[in-house]
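Following: one structure in C-alpha coordinates, then a few remarks.
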Amino acid sequence: MWRDRKTSAMSLLMINLAVVDTLILLIWTSQTSIPAFCNYCRACQLYNRIKPIFLVYGWPFATTFQLMGTWSIVSITFSRFVSVCWPSRASHLNNRRHILIRTLVLHIACIVFSSLRFAEARIVYDDKGDMVIRKTALGASEIFRYVYTLALYYFITYLLPLSLLIYFTVRLSTNLKEMNKKRQEMTKKAKERSDLTLSLVIVVVIFIFSQLFNPIRRLLYIVYGPLHIRCGTSRFYFISWAVIIVNLNSACNFFIFCLCSPGFRRQLKQMVAKRGQIEPLGLSMTVNNLNVNSQLSSCV
(Lines give C-alpha, C1' and ligand atoms only; values in the text may rest on other atoms or scores of the structure.)
Protein backbone atom coordinates (compact mmCIF):
# COMPACT_ATOMS: atom_id res chain seq x y z
CA MET A 1 0.00 0.00 0.00
CA TRP A 2 3.05 2.27 0.25
CA ARG A 3 2.86 3.58 -3.32
CA ASP A 4 -0.75 4.73 -2.77
CA ARG A 5 -0.08 6.52 0.53
CA LYS A 6 -0.20 10.00 -1.07
CA THR A 7 -3.49 9.44 -2.86
CA SER A 8 -5.44 7.00 -0.68
CA ALA A 9 -6.36 7.69 2.93
CA MET A 10 -7.28 4.03 3.45
CA SER A 11 -3.74 3.04 2.43
CA LEU A 12 -2.35 5.31 5.15
CA LEU A 13 -4.62 3.71 7.74
CA MET A 14 -3.68 0.19 6.66
CA ILE A 15 0.04 1.03 6.73
CA ASN A 16 -0.41 2.43 10.24
CA LEU A 17 -2.26 -0.72 11.34
CA ALA A 18 0.45 -2.95 9.87
CA VAL A 19 3.22 -1.03 11.66
CA VAL A 20 1.40 -1.12 15.01
CA ASP A 21 0.64 -4.85 14.65
CA THR A 22 4.32 -5.52 13.93
CA LEU A 23 5.39 -3.56 17.02
CA ILE A 24 2.88 -5.50 19.15
CA LEU A 25 4.23 -8.81 17.90
CA LEU A 26 7.84 -7.75 18.51
CA ILE A 27 7.21 -6.57 22.06
CA TRP A 28 5.16 -9.67 22.93
CA THR A 29 7.95 -11.84 21.54
CA SER A 30 10.42 -10.24 23.94
CA GLN A 31 7.94 -10.55 26.83
CA THR A 32 6.70 -14.13 26.31
CA SER A 33 8.50 -16.14 23.64
CA ILE A 34 12.07 -15.45 24.73
CA PRO A 35 11.43 -16.24 28.44
CA ALA A 36 9.54 -19.41 27.47
CA PHE A 37 12.42 -20.54 25.25
CA CYS A 38 14.93 -19.81 28.02
CA ASN A 39 12.90 -21.78 30.57
CA TYR A 40 12.55 -24.69 28.17
CA CYS A 41 16.27 -24.83 27.42
CA ARG A 42 17.24 -23.98 31.02
CA ALA A 43 19.72 -21.51 29.61
CA CYS A 44 19.77 -17.81 28.83
CA GLN A 45 21.46 -16.83 32.09
CA LEU A 46 22.10 -13.37 30.70
CA TYR A 47 18.40 -12.88 29.98
CA ASN A 48 17.47 -13.91 33.53
CA ARG A 49 19.81 -11.22 34.83
CA ILE A 50 18.29 -8.47 32.71
CA LYS A 51 14.71 -9.77 32.97
CA PRO A 52 13.70 -6.97 35.40
CA ILE A 53 14.49 -4.45 32.65
CA PHE A 54 11.99 -6.13 30.32
CA LEU A 55 9.36 -6.23 33.07
CA VAL A 56 9.79 -2.63 34.20
CA TYR A 57 10.23 -1.01 30.78
CA GLY A 58 9.07 -3.63 28.28
CA TRP A 59 5.63 -4.11 29.80
CA PRO A 60 4.71 -0.38 29.59
CA PHE A 61 5.77 -0.40 25.93
CA ALA A 62 3.55 -3.46 25.38
CA THR A 63 0.51 -1.73 26.88
CA THR A 64 1.24 1.41 24.85
CA PHE A 65 1.44 -0.46 21.55
CA GLN A 66 -1.64 -2.50 22.48
CA LEU A 67 -3.56 0.71 23.09
CA MET A 68 -2.33 2.13 19.79
CA GLY A 69 -3.47 -1.03 18.02
CA THR A 70 -6.91 -0.80 19.58
CA TRP A 71 -7.47 2.79 18.52
CA SER A 72 -5.96 2.14 15.08
CA ILE A 73 -8.71 -0.43 14.54
CA VAL A 74 -11.27 2.13 15.73
CA SER A 75 -9.83 4.77 13.37
CA ILE A 76 -9.84 2.56 10.27
CA THR A 77 -13.35 1.29 11.06
CA PHE A 78 -14.60 4.85 11.55
CA SER A 79 -13.15 5.87 8.18
CA ARG A 80 -14.90 2.96 6.47
CA PHE A 81 -18.10 3.80 8.34
CA VAL A 82 -17.93 7.39 7.08
CA SER A 83 -17.35 6.25 3.48
CA VAL A 84 -20.26 3.80 3.54
CA CYS A 85 -22.83 5.42 5.85
CA TRP A 86 -21.94 9.14 5.60
CA PRO A 87 -20.74 9.53 1.98
CA SER A 88 -21.55 13.26 1.99
CA ARG A 89 -18.98 13.81 4.78
CA ALA A 90 -16.31 11.47 3.40
CA SER A 91 -14.50 14.17 1.41
CA HIS A 92 -13.91 16.12 4.64
CA LEU A 93 -13.49 13.44 7.32
CA ASN A 94 -11.53 10.98 5.16
CA ASN A 95 -9.17 13.30 3.34
CA ARG A 96 -5.45 12.62 3.72
CA ARG A 97 -4.74 15.63 5.95
CA HIS A 98 -7.56 14.79 8.34
CA ILE A 99 -6.44 11.14 8.52
CA LEU A 100 -2.83 12.12 9.32
CA ILE A 101 -3.91 14.55 12.05
CA ARG A 102 -6.31 12.02 13.58
CA THR A 103 -3.70 9.25 13.59
CA LEU A 104 -1.07 11.52 15.13
CA VAL A 105 -3.45 12.76 17.83
CA LEU A 106 -4.53 9.22 18.71
CA HIS A 107 -0.94 8.00 19.02
CA ILE A 108 0.11 10.97 21.15
CA ALA A 109 -2.92 10.44 23.40
CA CYS A 110 -2.04 6.73 23.78
CA ILE A 111 1.57 7.58 24.72
CA VAL A 112 0.48 10.22 27.24
CA PHE A 113 -2.11 7.93 28.83
CA SER A 114 0.33 5.00 29.09
CA SER A 115 3.25 7.11 30.35
CA LEU A 116 2.24 6.53 33.99
CA ARG A 117 3.00 2.84 33.48
CA PHE A 118 6.69 3.70 33.35
CA ALA A 119 6.48 5.21 36.86
CA GLU A 120 4.86 2.19 38.55
CA ALA A 121 8.11 0.43 39.40
CA ARG A 122 11.87 0.94 39.42
CA ILE A 123 14.98 -1.23 39.43
CA VAL A 124 17.28 -1.39 42.44
CA TYR A 125 20.29 -3.58 43.21
CA ASP A 126 20.47 -5.97 46.15
CA ASP A 127 23.55 -6.88 48.18
CA LYS A 128 24.67 -9.39 45.53
CA GLY A 129 24.48 -6.80 42.77
CA ASP A 130 21.40 -8.37 41.13
CA MET A 131 18.52 -6.33 39.76
CA VAL A 132 15.37 -6.27 41.89
CA ILE A 133 12.02 -4.67 41.07
CA ARG A 134 10.55 -2.29 43.63
CA LYS A 135 7.23 -0.48 43.38
CA THR A 136 7.34 3.29 43.51
CA ALA A 137 5.07 5.39 45.71
CA LEU A 138 2.79 5.85 42.70
CA GLY A 139 2.64 2.14 41.93
CA ALA A 140 1.89 1.25 45.56
CA SER A 141 -0.91 3.80 45.84
CA GLU A 142 -4.40 2.32 46.19
CA ILE A 143 -5.91 5.36 44.47
CA PHE A 144 -3.63 4.82 41.47
CA ARG A 145 -4.49 1.13 41.40
CA TYR A 146 -8.26 1.52 41.40
CA VAL A 147 -8.66 4.82 39.51
CA TYR A 148 -6.00 4.44 36.80
CA THR A 149 -5.19 0.71 36.58
CA LEU A 150 -8.79 -0.48 36.82
CA ALA A 151 -11.35 2.26 36.08
CA LEU A 152 -9.62 4.51 33.54
CA TYR A 153 -7.53 1.81 31.91
CA TYR A 154 -10.46 -0.54 31.30
CA PHE A 155 -12.65 2.31 30.05
CA ILE A 156 -10.06 3.69 27.59
CA THR A 157 -8.68 0.33 26.47
CA TYR A 158 -11.78 -1.88 26.34
CA LEU A 159 -15.18 -0.36 27.14
CA LEU A 160 -15.10 2.79 24.97
CA PRO A 161 -13.34 1.37 21.85
CA LEU A 162 -15.31 -1.89 21.88
CA SER A 163 -18.59 0.02 22.18
CA LEU A 164 -17.64 2.20 19.19
CA LEU A 165 -16.51 -0.83 17.17
CA ILE A 166 -19.73 -2.72 17.86
CA TYR A 167 -21.79 0.28 16.71
CA PHE A 168 -19.71 0.82 13.54
CA THR A 169 -19.72 -2.90 12.73
CA VAL A 170 -23.49 -3.26 13.09
CA ARG A 171 -24.05 -0.30 10.77
CA LEU A 172 -21.53 -1.60 8.23
CA SER A 173 -23.03 -5.11 8.31
CA THR A 174 -26.50 -3.70 7.67
CA ASN A 175 -25.17 -1.71 4.73
CA LEU A 176 -23.35 -4.78 3.39
CA LYS A 177 -26.57 -6.78 3.31
CA GLU A 178 -28.22 -4.07 1.24
CA MET A 179 -25.24 -3.87 -1.11
CA ASN A 180 -25.12 -7.63 -1.64
CA LYS A 181 -28.70 -7.55 -2.94
CA LYS A 182 -27.53 -5.22 -5.74
CA ARG A 183 -24.13 -6.87 -6.29
CA GLN A 184 -24.93 -7.92 -9.86
CA GLU A 185 -25.56 -4.28 -10.81
CA MET A 186 -22.44 -2.94 -9.07
CA THR A 187 -19.33 -1.83 -10.92
CA LYS A 188 -15.98 -3.53 -10.35
CA LYS A 189 -14.75 -0.66 -8.18
CA ALA A 190 -17.91 -0.76 -6.08
CA LYS A 191 -17.49 -4.52 -5.59
CA GLU A 192 -13.90 -3.99 -4.40
CA ARG A 193 -15.10 -1.42 -1.88
CA SER A 194 -17.76 -3.85 -0.68
CA ASP A 195 -15.14 -6.60 -0.30
CA LEU A 196 -12.89 -4.21 1.62
CA THR A 197 -15.76 -3.40 3.96
CA LEU A 198 -16.41 -7.12 4.48
CA SER A 199 -12.72 -7.71 5.26
CA LEU A 200 -12.74 -4.90 7.79
CA VAL A 201 -15.90 -6.25 9.44
CA ILE A 202 -14.19 -9.65 9.85
CA VAL A 203 -11.07 -7.96 11.28
CA VAL A 204 -13.20 -6.08 13.81
CA VAL A 205 -15.21 -9.17 14.81
CA ILE A 206 -12.01 -11.15 15.45
CA PHE A 207 -10.54 -8.18 17.31
CA ILE A 208 -13.60 -7.90 19.59
CA PHE A 209 -13.51 -11.65 20.27
CA SER A 210 -9.80 -11.63 21.13
CA GLN A 211 -10.06 -8.54 23.34
CA LEU A 212 -12.69 -10.18 25.54
CA PHE A 213 -10.01 -12.46 27.01
CA ASN A 214 -7.46 -9.75 27.83
CA PRO A 215 -9.38 -7.87 30.57
CA ILE A 216 -10.22 -11.18 32.27
CA ARG A 217 -6.54 -12.13 32.16
CA ARG A 218 -5.54 -8.82 33.76
CA LEU A 219 -8.18 -9.20 36.47
CA LEU A 220 -6.84 -12.65 37.34
CA TYR A 221 -3.36 -11.18 37.75
CA ILE A 222 -4.73 -8.41 39.98
CA VAL A 223 -6.86 -10.73 42.14
CA TYR A 224 -4.53 -13.72 42.48
CA GLY A 225 -1.10 -12.31 41.62
CA PRO A 226 1.47 -13.99 39.37
CA LEU A 227 2.80 -16.23 42.15
CA HIS A 228 -0.58 -17.96 42.66
CA ILE A 229 -1.09 -18.71 38.95
CA ARG A 230 0.96 -21.88 38.63
CA CYS A 231 1.38 -24.37 35.81
CA GLY A 232 -1.31 -27.03 35.80
CA THR A 233 -4.13 -24.86 37.10
CA SER A 234 -7.06 -23.70 34.96
CA ARG A 235 -6.09 -20.07 35.52
CA PHE A 236 -2.61 -20.71 34.13
CA TYR A 237 -3.93 -22.22 30.89
CA PHE A 238 -6.57 -19.51 30.48
CA ILE A 239 -3.95 -16.77 30.81
CA SER A 240 -1.62 -18.59 28.39
CA TRP A 241 -4.35 -18.93 25.76
CA ALA A 242 -5.41 -15.30 26.27
CA VAL A 243 -1.86 -14.19 25.39
CA ILE A 244 -1.82 -16.49 22.33
CA ILE A 245 -5.15 -15.11 21.09
CA VAL A 246 -3.94 -11.51 21.48
CA ASN A 247 -0.87 -12.33 19.38
CA LEU A 248 -2.95 -14.13 16.75
CA ASN A 249 -5.19 -11.09 16.46
CA SER A 250 -2.22 -8.89 15.55
CA ALA A 251 -0.84 -11.52 13.16
CA CYS A 252 -3.99 -12.47 11.22
CA ASN A 253 -5.09 -9.11 9.77
CA PHE A 254 -2.85 -9.46 6.71
CA PHE A 255 -4.26 -12.92 5.93
CA ILE A 256 -7.85 -11.72 6.39
CA PHE A 257 -7.35 -9.03 3.75
CA CYS A 258 -5.68 -11.58 1.46
CA LEU A 259 -8.60 -14.01 1.76
CA CYS A 260 -11.53 -11.59 1.65
CA SER A 261 -10.40 -8.67 -0.50
CA PRO A 262 -9.77 -9.44 -4.22
CA GLY A 263 -8.44 -5.91 -4.76
CA PHE A 264 -5.85 -6.38 -2.00
CA ARG A 265 -4.86 -9.77 -3.48
CA ARG A 266 -4.48 -8.24 -6.93
CA GLN A 267 -2.17 -5.50 -5.65
CA LEU A 268 -0.15 -8.08 -3.72
CA LYS A 269 0.20 -10.29 -6.84
CA GLN A 270 1.26 -7.30 -8.91
CA MET A 271 3.90 -6.35 -6.37
CA VAL A 272 5.27 -9.89 -6.12
CA ALA A 273 5.24 -10.39 -9.89
CA LYS A 274 6.96 -7.07 -10.49
CA ARG A 275 9.75 -7.82 -8.02
CA GLY A 276 10.10 -11.36 -9.39
CA GLN A 277 10.68 -10.26 -12.98
CA ILE A 278 14.15 -11.06 -14.33
CA GLU A 279 15.14 -9.50 -17.63
CA PRO A 280 17.38 -11.65 -19.88
CA LEU A 281 20.96 -10.49 -19.80
CA GLY A 282 21.39 -10.45 -23.57
CA LEU A 283 18.23 -8.39 -24.08
CA SER A 284 19.21 -5.81 -21.47
CA MET A 285 22.71 -5.46 -22.99
CA THR A 286 21.21 -5.01 -26.47
CA VAL A 287 18.82 -2.33 -25.22
CA ASN A 288 21.64 -0.53 -23.43
CA ASN A 289 23.83 -0.64 -26.56
CA LEU A 290 21.00 0.78 -28.66
CA ASN A 291 20.49 3.59 -26.16
CA VAL A 292 24.22 4.43 -26.17
CA ASN A 293 24.35 4.39 -30.01
CA SER A 294 21.30 6.63 -30.27
CA GLN A 295 22.85 9.11 -27.82
CA LEU A 296 26.12 9.12 -29.82
CA SER A 297 24.21 9.66 -33.05
CA SER A 298 22.32 12.60 -31.60
CA CYS A 299 25.56 14.13 -30.34
CA VAL A 300 27.16 13.78 -33.80
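For the C-alpha coordinates, the naming scheme is as follows: chains receive sequential letters (A, B, ...) according to their order of presentation, residues are indexed from 1 within each chain, and ligands are indexed from 1 in presentation order.
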At a cut-off of 7 Å, using only C-alpha atoms, what residues contact range 200-210 of chain A? Leave out same-chain residues fewer than 2 positions from it and give the result as a list in words.
Leu162, Thr169, Leu196, Thr197, Leu198, Leu212, Phe213, Ile245, Val246, Asn249, Asn253 and Ile256 of chain A
Could you produce a table of the residues of range 70-177 of chain A lying within 10 Å of range 39-51 of chain A, with the nearest pair of atoms per residue and their separation in Å rounded to one decimal, using only C-alpha atoms, ordered by chain and increasing residue number, as JSON lines?
```
{"residue": "A:Asp130", "atom": "CA", "partner": "A:Arg49", "partner_atom": "CA", "distance": 7.1}
{"residue": "A:Met131", "atom": "CA", "partner": "A:Arg49", "partner_atom": "CA", "distance": 7.1}
{"residue": "A:Val132", "atom": "CA", "partner": "A:Lys51", "partner_atom": "CA", "distance": 9.6}
{"residue": "A:Ile133", "atom": "CA", "partner": "A:Lys51", "partner_atom": "CA", "distance": 9.9}
```
Would you output that residue set with all heavy atoms, as an mmCIF file, in the first residue's frame?
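What ended up in result03.cif:
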```
data_model
loop_
_atom_site.group_PDB
_atom_site.id
_atom_site.type_symbol
_atom_site.label_atom_id
_atom_site.label_comp_id
_atom_site.auth_asym_id
_atom_site.auth_seq_id
_atom_site.Cartn_x
_atom_site.Cartn_y
_atom_site.Cartn_z
ATOM 1 N N ASP A 130 22.442 -7.973 42.076
ATOM 2 C CA ASP A 130 21.404 -8.368 41.127
ATOM 3 C C ASP A 130 20.287 -7.332 41.091
ATOM 4 O O ASP A 130 20.014 -6.656 42.085
ATOM 5 C CB ASP A 130 20.823 -9.738 41.503
ATOM 6 C CG ASP A 130 21.870 -10.841 41.440
ATOM 7 O OD1 ASP A 130 22.776 -10.737 40.582
ATOM 8 O OD2 ASP A 130 21.780 -11.797 42.235
ATOM 9 N N MET A 131 19.629 -7.267 39.925
ATOM 10 C CA MET A 131 18.523 -6.325 39.762
ATOM 11 C C MET A 131 17.268 -6.835 40.467
ATOM 12 O O MET A 131 16.907 -7.999 40.347
ATOM 13 C CB MET A 131 18.209 -6.117 38.276
ATOM 14 C CG MET A 131 19.318 -5.474 37.483
ATOM 15 S SD MET A 131 18.845 -5.223 35.760
ATOM 16 C CE MET A 131 20.380 -4.579 35.093
ATOM 17 N N VAL A 132 16.607 -5.938 41.184
ATOM 18 C CA VAL A 132 15.371 -6.269 41.891
ATOM 19 C C VAL A 132 14.342 -5.184 41.578
ATOM 20 O O VAL A 132 14.674 -3.999 41.514
ATOM 21 C CB VAL A 132 15.598 -6.366 43.415
ATOM 22 C CG1 VAL A 132 14.296 -6.707 44.120
ATOM 23 C CG2 VAL A 132 16.668 -7.391 43.733
ATOM 24 N N ILE A 133 13.101 -5.611 41.383
ATOM 25 C CA ILE A 133 12.018 -4.674 41.070
ATOM 26 C C ILE A 133 11.370 -4.198 42.358
ATOM 27 O O ILE A 133 11.000 -5.001 43.217
ATOM 28 C CB ILE A 133 10.971 -5.334 40.147
ATOM 29 C CG1 ILE A 133 11.623 -5.790 38.837
ATOM 30 C CG2 ILE A 133 9.823 -4.377 39.873
ATOM 31 C CD1 ILE A 133 10.689 -6.561 37.929
#
```
DSSP says helix (DSSP H, G or I) for which residues of range 122-238 of chain A? Put them as a ChimeraX atom specification?
/A:142-181,183-185,188-211,213-224,226-228,234-238
Just the residues within 12 Å of Ala9 in chain A, please, counting only C-alpha atoms, with nothing from its chain fewer than 6 positions along; format it as a list in words.
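Returned residues: Met1, Trp2, Arg3, Ile15, Asn16, Ser75, Ile76, Ser79, Arg80, Ser83, Ala90, Ser91, His92, Leu93, Asn94, Asn95, Arg96, Arg97, His98, Ile99, Leu100, Ile101, Arg102 and Thr103 of chain A.
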What does the distance from CA of Tyr167 in chain A to CA of Trp86 in chain A come to in Å, to one decimal?
14.2 Å
In range 42-254 of chain A, DSSP strand (DSSP E or B) residues written as a list of chain:residue names
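Written out, the strand (DSSP E or B) residues of range 42-254 of chain A are A:Ala121, A:Arg122, A:Ile123, A:Val124, A:Tyr125, A:Met131, A:Val132, A:Ile133, A:Arg134, A:Lys135.
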